[in-house]
Amino acid sequence: MQSRALTALQPTNILHIGNLFGALQPMVGAQKEHETFLFVVDYHAITVPQDPEKLRQAILFATACYLAAGMDPNKTTIFQQSMVSEHTELAWILNCVAHMGELERMTQFKDKSKKQKDGVTVGLFTYPVLMASDILLYDTNVVPVGEDQKQHVELTRDVAERFNKRFGETFVIPKPVIREHGARIMALDDPTSKMSKSAESAKSYISLMDEPDVIRKKIKGAVTDTEGGIVYDEKRPGVANLMEIMSLVTKRSFAEIENNYVGQGYGDFKSDLAEALVLSLTPLQAEINGWLKNEDELVKLLANGADRAREIASKKLAQVKEKIGVSL
Ligand code: AQP
């Protein structure tokens, strides 16, 4: 059997360049060597309050982004998580295998729960278990993710190993795949925190749909330092982050970028970076808008993907139910 790669993104807002570099682009590449699954994790999104109409739009928008970025529905099973109920059913079973202490250690839970002023939902706490179920249902071998999701894939491995030990070989143990560059794009207004689509200030991210002038303004305002000089140095997180983005967008190494900007200041570099981003995002935006004009086609594509996913997921769930003793 061909090895399987799987990843998913939350429809929490418009995707940003971190989501593109960290998860979507690696998945486009994975289509060449793996059987691939890419889905919209709408049940992860509702772990924090969402406006229902915006959520519906965000699900369609994420799907349009996948297709525009180069995901091919003939090669990849593209679907919406809530349409395959096996995900939540297996999550319940895995909730009875995962330990409270393991979930309490999740740094994303600690970060996100601090931001919830109206109370922290139980769903936000247990969402890594739903993610484990997303992965384990498909006998996934590799999970291309950004750095922030590594801990959740490691939890998935621990839960799967515990289940296999208790009930006999059932789940494939998945590996996180973190690309060397682009796995942790930092916020423009605070380069010590990761770029996030639910950030309070839109100045912190470049969304995939930002207009050229918005991109120019955001990059111009990006936090750097007072040292000057376009040199890659992790101790200078603002400049390092902008160089990382430049390197990903223009496909040039840090050394090439450094050579290009010897003796130049942040102003020239930032203005070139903004233009490079405009150049690369403009055709992507045209593709996304093209897909969004055809909502019916997106809905149909997601339904077809869900049918394909369900075929695999239902078999795995039946196997799990048999193992735990609830199949009569
Ligand atoms: N800053 C980032 N750099 C590189 N990769 C990133 N990813 C997220 N942020 C960065 C990767 O994108 C995929 C989808 O992430 P998600 O939608 O499941 O949610 P997230 O990880 O919590 O990402 P966000 O953008 O910060 O969303 P919100 O604000 O809604 O929580 C994952 O592979 C992730 O690693």
# chains A, B, ... in the order shown; residues from 1 in each chain; ligands from 1

call {"tool": "residues_around", "arguments": {"residues": "Arg179 of chain A", "least_positions_apart": "6", "cutoff": "9 Å", "atoms": "only C-alpha atoms", "output": "list in words"}}
result
Phe21, Gly22, Ala23, Pro26, Pro144, Val145, Gly146 and Glu147 of chain A

call {"tool": "write_last_selection", "arguments": {"atoms": "N, CA and C atoms", "output": "PDB file, in the first residue's frame"}}
result
ATOM      1  N   PHE A  21       2.945  28.219   3.995  1.00  0.00           N
ATOM      2  CA  PHE A  21       4.315  27.680   3.994  1.00  0.00           C
ATOM      3  C   PHE A  21       4.443  26.443   4.890  1.00  0.00           C
ATOM      4  N   GLY A  22       3.784  26.501   6.059  1.00  0.00           N
ATOM      5  CA  GLY A  22       3.971  25.433   7.044  1.00  0.00           C
ATOM      6  C   GLY A  22       3.218  24.150   6.728  1.00  0.00           C
ATOM      7  N   ALA A  23       2.025  24.283   6.127  1.00  0.00           N
ATOM      8  CA  ALA A  23       1.196  23.081   5.953  1.00  0.00           C
ATOM      9  C   ALA A  23       0.755  22.839   4.508  1.00  0.00           C
ATOM     10  N   PRO A  26       3.813  21.975   1.796  1.00  0.00           N
ATOM     11  CA  PRO A  26       4.332  20.608   1.958  1.00  0.00           C
ATOM     12  C   PRO A  26       3.323  19.552   1.497  1.00  0.00           C
ATOM     13  N   PRO A 144       2.354  16.267   7.625  1.00  0.00           N
ATOM     14  CA  PRO A 144       3.088  17.531   7.434  1.00  0.00           C
ATOM     15  C   PRO A 144       2.383  18.651   8.207  1.00  0.00           C
ATOM     16  N   VAL A 145       3.081  19.244   9.154  1.00  0.00           N
ATOM     17  CA  VAL A 145       2.494  20.316   9.979  1.00  0.00           C
ATOM     18  C   VAL A 145       3.531  21.384  10.267  1.00  0.00           C
ATOM     19  N   GLY A 146       3.047  22.537  10.723  1.00  0.00           N
ATOM     20  CA  GLY A 146       3.938  23.560  11.236  1.00  0.00           C
ATOM     21  C   GLY A 146       4.430  23.130  12.616  1.00  0.00           C
ATOM     22  N   GLU A 147       5.480  23.797  13.067  1.00  0.00           N
ATOM     23  CA  GLU A 147       6.124  23.460  14.348  1.00  0.00           C
ATOM     24  C   GLU A 147       5.125  23.407  15.524  1.00  0.00           C
TER      25      GLU A 147
END

call {"tool": "residues_near_ligand", "arguments": {"ligand": "ligand 1", "cutoff": "9 Å", "atoms": "only C-alpha atoms and all ligand atoms", "output": "MDAnalysis selection string"}}
result
chainID A and resid 7:24 40:41 44:45 48 108 112 143:150 178 181:187 193:199 205

call {"tool": "write_last_selection", "arguments": {"atoms": "C-alpha atoms", "output": "PDB file, in the first residue's frame"}}
result
ATOM      1  CA  THR A   7      -3.080  17.249   7.279  1.00  0.00           C
ATOM      2  CA  ALA A   8      -5.890  19.696   8.037  1.00  0.00           C
ATOM      3  CA  LEU A   9      -6.459  23.389   8.663  1.00  0.00           C
ATOM      4  CA  GLN A  10      -9.001  25.171  10.845  1.00  0.00           C
ATOM      5  CA  PRO A  11     -11.503  27.486   9.159  1.00  0.00           C
ATOM      6  CA  THR A  12     -11.040  30.075  11.901  1.00  0.00           C
ATOM      7  CA  ASN A  13     -10.329  33.020   9.635  1.00  0.00           C
ATOM      8  CA  ILE A  14      -8.675  33.690   6.294  1.00  0.00           C
ATOM      9  CA  LEU A  15      -5.554  31.509   6.028  1.00  0.00           C
ATOM     10  CA  HIS A  16      -2.209  33.309   6.309  1.00  0.00           C
ATOM     11  CA  ILE A  17       1.205  32.809   4.738  1.00  0.00           C
ATOM     12  CA  GLY A  18       2.312  30.724   7.746  1.00  0.00           C
ATOM     13  CA  ASN A  19      -0.466  28.206   7.009  1.00  0.00           C
ATOM     14  CA  LEU A  20       0.589  28.235   3.345  1.00  0.00           C
ATOM     15  CA  PHE A  21       4.315  27.680   3.994  1.00  0.00           C
ATOM     16  CA  GLY A  22       3.971  25.433   7.044  1.00  0.00           C
ATOM     17  CA  ALA A  23       1.196  23.081   5.953  1.00  0.00           C
ATOM     18  CA  LEU A  24      -0.289  23.664   2.503  1.00  0.00           C
ATOM     19  CA  VAL A  40     -11.160  21.389   6.835  1.00  0.00           C
ATOM     20  CA  VAL A  41     -11.362  20.840  10.587  1.00  0.00           C
ATOM     21  CA  HIS A  44     -11.723  22.080  15.783  1.00  0.00           C
ATOM     22  CA  ALA A  45     -12.731  25.645  14.905  1.00  0.00           C
ATOM     23  CA  VAL A  48     -13.644  28.721  20.488  1.00  0.00           C
ATOM     24  CA  GLN A 108      -1.517  25.351  22.561  1.00  0.00           C
ATOM     25  CA  LYS A 112      -5.476  29.587  23.691  1.00  0.00           C
ATOM     26  CA  VAL A 143       1.595  14.380   9.007  1.00  0.00           C
ATOM     27  CA  PRO A 144       3.088  17.531   7.434  1.00  0.00           C
ATOM     28  CA  VAL A 145       2.494  20.316   9.979  1.00  0.00           C
ATOM     29  CA  GLY A 146       3.938  23.560  11.236  1.00  0.00           C
ATOM     30  CA  GLU A 147       6.124  23.460  14.348  1.00  0.00           C
ATOM     31  CA  ASP A 148       3.196  24.416  16.645  1.00  0.00           C
ATOM     32  CA  GLN A 149       1.359  21.166  15.892  1.00  0.00           C
ATOM     33  CA  LYS A 150       4.295  18.830  16.594  1.00  0.00           C
ATOM     34  CA  ILE A 178       8.200  19.546   9.920  1.00  0.00           C
ATOM     35  CA  HIS A 181      12.092  26.370   6.464  1.00  0.00           C
ATOM     36  CA  GLY A 182       8.606  27.831   6.832  1.00  0.00           C
ATOM     37  CA  ALA A 183       7.422  25.691   9.720  1.00  0.00           C
ATOM     38  CA  ARG A 184       7.257  28.606  12.132  1.00  0.00           C
ATOM     39  CA  ILE A 185       6.516  31.982  10.581  1.00  0.00           C
ATOM     40  CA  MET A 186       6.408  34.579  13.311  1.00  0.00           C
ATOM     41  CA  ALA A 187       3.980  37.464  13.903  1.00  0.00           C
ATOM     42  CA  SER A 193       5.114  34.750  18.854  1.00  0.00           C
ATOM     43  CA  LYS A 194       3.970  32.668  15.919  1.00  0.00           C
ATOM     44  CA  MET A 195       1.847  34.167  13.155  1.00  0.00           C
ATOM     45  CA  SER A 196      -1.740  33.213  13.942  1.00  0.00           C
ATOM     46  CA  LYS A 197      -4.996  33.782  12.065  1.00  0.00           C
ATOM     47  CA  SER A 198      -6.974  34.459  15.226  1.00  0.00           C
ATOM     48  CA  ALA A 199      -4.500  37.116  16.430  1.00  0.00           C
ATOM     49  CA  TYR A 205      -0.193  38.404   9.766  1.00  0.00           C
TER      50      TYR A 205
END

call {"tool": "closest_atom_pairs", "arguments": {"of": "segment 70-112 of chain A", "to": "segment 154-167 of chain A", "cutoff": "8 Å", "atoms": "only C-alpha atoms", "output": "Markdown table"}}
result
| residue | atom | partner | partner_atom | distance |
| --- | --- | --- | --- | --- |
| A:Leu94 | CA | A:Val159 | CA | 7.4 |
| A:Val97 | CA | A:Val159 | CA | 6.6 |
| A:Ala98 | CA | A:Val159 | CA | 5.9 |
| A:Glu102 | CA | A:Leu155 | CA | 7.5 |

call {"tool": "write_last_selection", "arguments": {"atoms": "all heavy atoms", "output": "tab-separated table (two decimals), in the first residue's frame"}}
result
chain	number	residue	atom	x	y	z
A	94	LEU	N	-11.09	7.49	22.07
A	94	LEU	CA	-9.71	7.86	22.43
A	94	LEU	C	-9.68	8.77	23.68
A	94	LEU	O	-8.69	8.79	24.40
A	94	LEU	CB	-9.01	8.54	21.25
A	94	LEU	CG	-8.83	7.66	20.00
A	94	LEU	CD1	-8.09	8.42	18.91
A	94	LEU	CD2	-8.09	6.35	20.33
A	97	VAL	N	-8.86	6.84	26.45
A	97	VAL	CA	-7.51	6.25	26.45
A	97	VAL	C	-6.47	7.32	26.83
A	97	VAL	O	-5.50	7.06	27.53
A	97	VAL	CB	-7.17	5.67	25.04
A	97	VAL	CG1	-5.74	5.13	24.99
A	97	VAL	CG2	-8.17	4.57	24.66
A	98	ALA	N	-6.73	8.56	26.37
A	98	ALA	CA	-5.80	9.67	26.68
A	98	ALA	C	-5.92	10.04	28.16
A	98	ALA	O	-6.97	9.83	28.78
A	98	ALA	CB	-6.16	10.87	25.81
A	102	GLU	N	-1.71	14.41	30.17
A	102	GLU	CA	-1.13	14.61	28.82
A	102	GLU	C	-1.74	15.85	28.18
A	102	GLU	O	-1.05	16.66	27.56
A	102	GLU	CB	-1.47	13.40	27.93
A	102	GLU	CG	-0.66	12.16	28.22
A	102	GLU	CD	-1.16	10.94	27.45
A	102	GLU	OE1	-2.39	10.76	27.31
A	102	GLU	OE2	-0.32	10.16	27.02

call {"tool": "select_by_dssp", "arguments": {"residues": "segment 137-195 of chain A", "states": "helix (DSSP H, G or I)", "output": "ChimeraX atom specification"}}
result
/A:147-167

call {"tool": "residues_around", "arguments": {"residues": "Thr250 of chain A", "least_positions_apart": "6", "cutoff": "9 Å", "atoms": "only C-alpha atoms", "output": "MDAnalysis selection string"}}
result
chainID A and resid 273 276:277 280

call {"tool": "closest_residue", "arguments": {"among": "A:Ser271, A:Lys251, A:Asn260, A:Glu169", "to": "Ile215 of chain A", "atoms": "only C-alpha atoms"}}
result
A:Ser271

call {"tool": "residues_around", "arguments": {"residues": "segment 55-63 of chain A", "least_positions_apart": "4", "cutoff": "12 Å", "atoms": "only C-alpha atoms", "output": "NGL selection string"}}
result
:A and (8-16 or 19-20 or 24 or 38-46 or 48-51 or 67-73 or 77-82 or 197 or 208-209 or 285 or 287-303 or 305)

call {"tool": "residues_around", "arguments": {"residues": "Asp189 of chain A", "least_positions_apart": "4", "cutoff": "7 Å", "atoms": "only C-alpha atoms", "output": "number ranges by chain"}}
result
A: 203-204, 222-223

call {"tool": "atom_distance", "arguments": {"atom1": "atom CA of Leu130 of chain A", "atom2": "atom CA of Pro174 of chain A"}}
result
14.9 Å

call {"tool": "closest_atom_pairs", "arguments": {"of": "segment 127-154 of chain A", "to": "segment 318-323 of chain A", "cutoff": "12 Å", "atoms": "only C-alpha atoms", "output": "tab-separated table"}}
result
residue	atom	partner	partner_atom	distance
A:Ser133	CA	A:Val320	CA	11.3
A:Leu136	CA	A:Val320	CA	10.7
A:Leu137	CA	A:Val320	CA	9.6

call {"tool": "select_by_dssp", "arguments": {"residues": "segment 97-315 of chain A", "states": "strand (DSSP E or B)", "output": "list in words"}}
result
Val142, Val143, Pro144, Lys175, Pro176, Val177, Met186, Lys194 and Ser207 of chain A

call {"tool": "closest_residue", "arguments": {"among": "A:Glu200, A:Gln264, A:Thr47, A:Val249", "to": "Val231 of chain A", "atoms": "only C-alpha atoms"}}
result
A:Gln264

call {"tool": "residues_around", "arguments": {"residues": "Met243 of chain A", "least_positions_apart": "3", "cutoff": "10 Å", "atoms": "only C-alpha atoms", "output": "ChimeraX atom specification"}}
result
/A:230-233,237-240,246-249,252-254,257-258,269-270,273

call {"tool": "residues_around", "arguments": {"residues": "Thr126 of chain A", "least_positions_apart": "5", "cutoff": "10 Å", "atoms": "only C-alpha atoms", "output": "list in words"}}
result
His44, Thr47, Ala91, Trp92, Asn95, Ala98, Met100, Leu103, Glu104, Phe109, Thr121 and Met131 of chain A
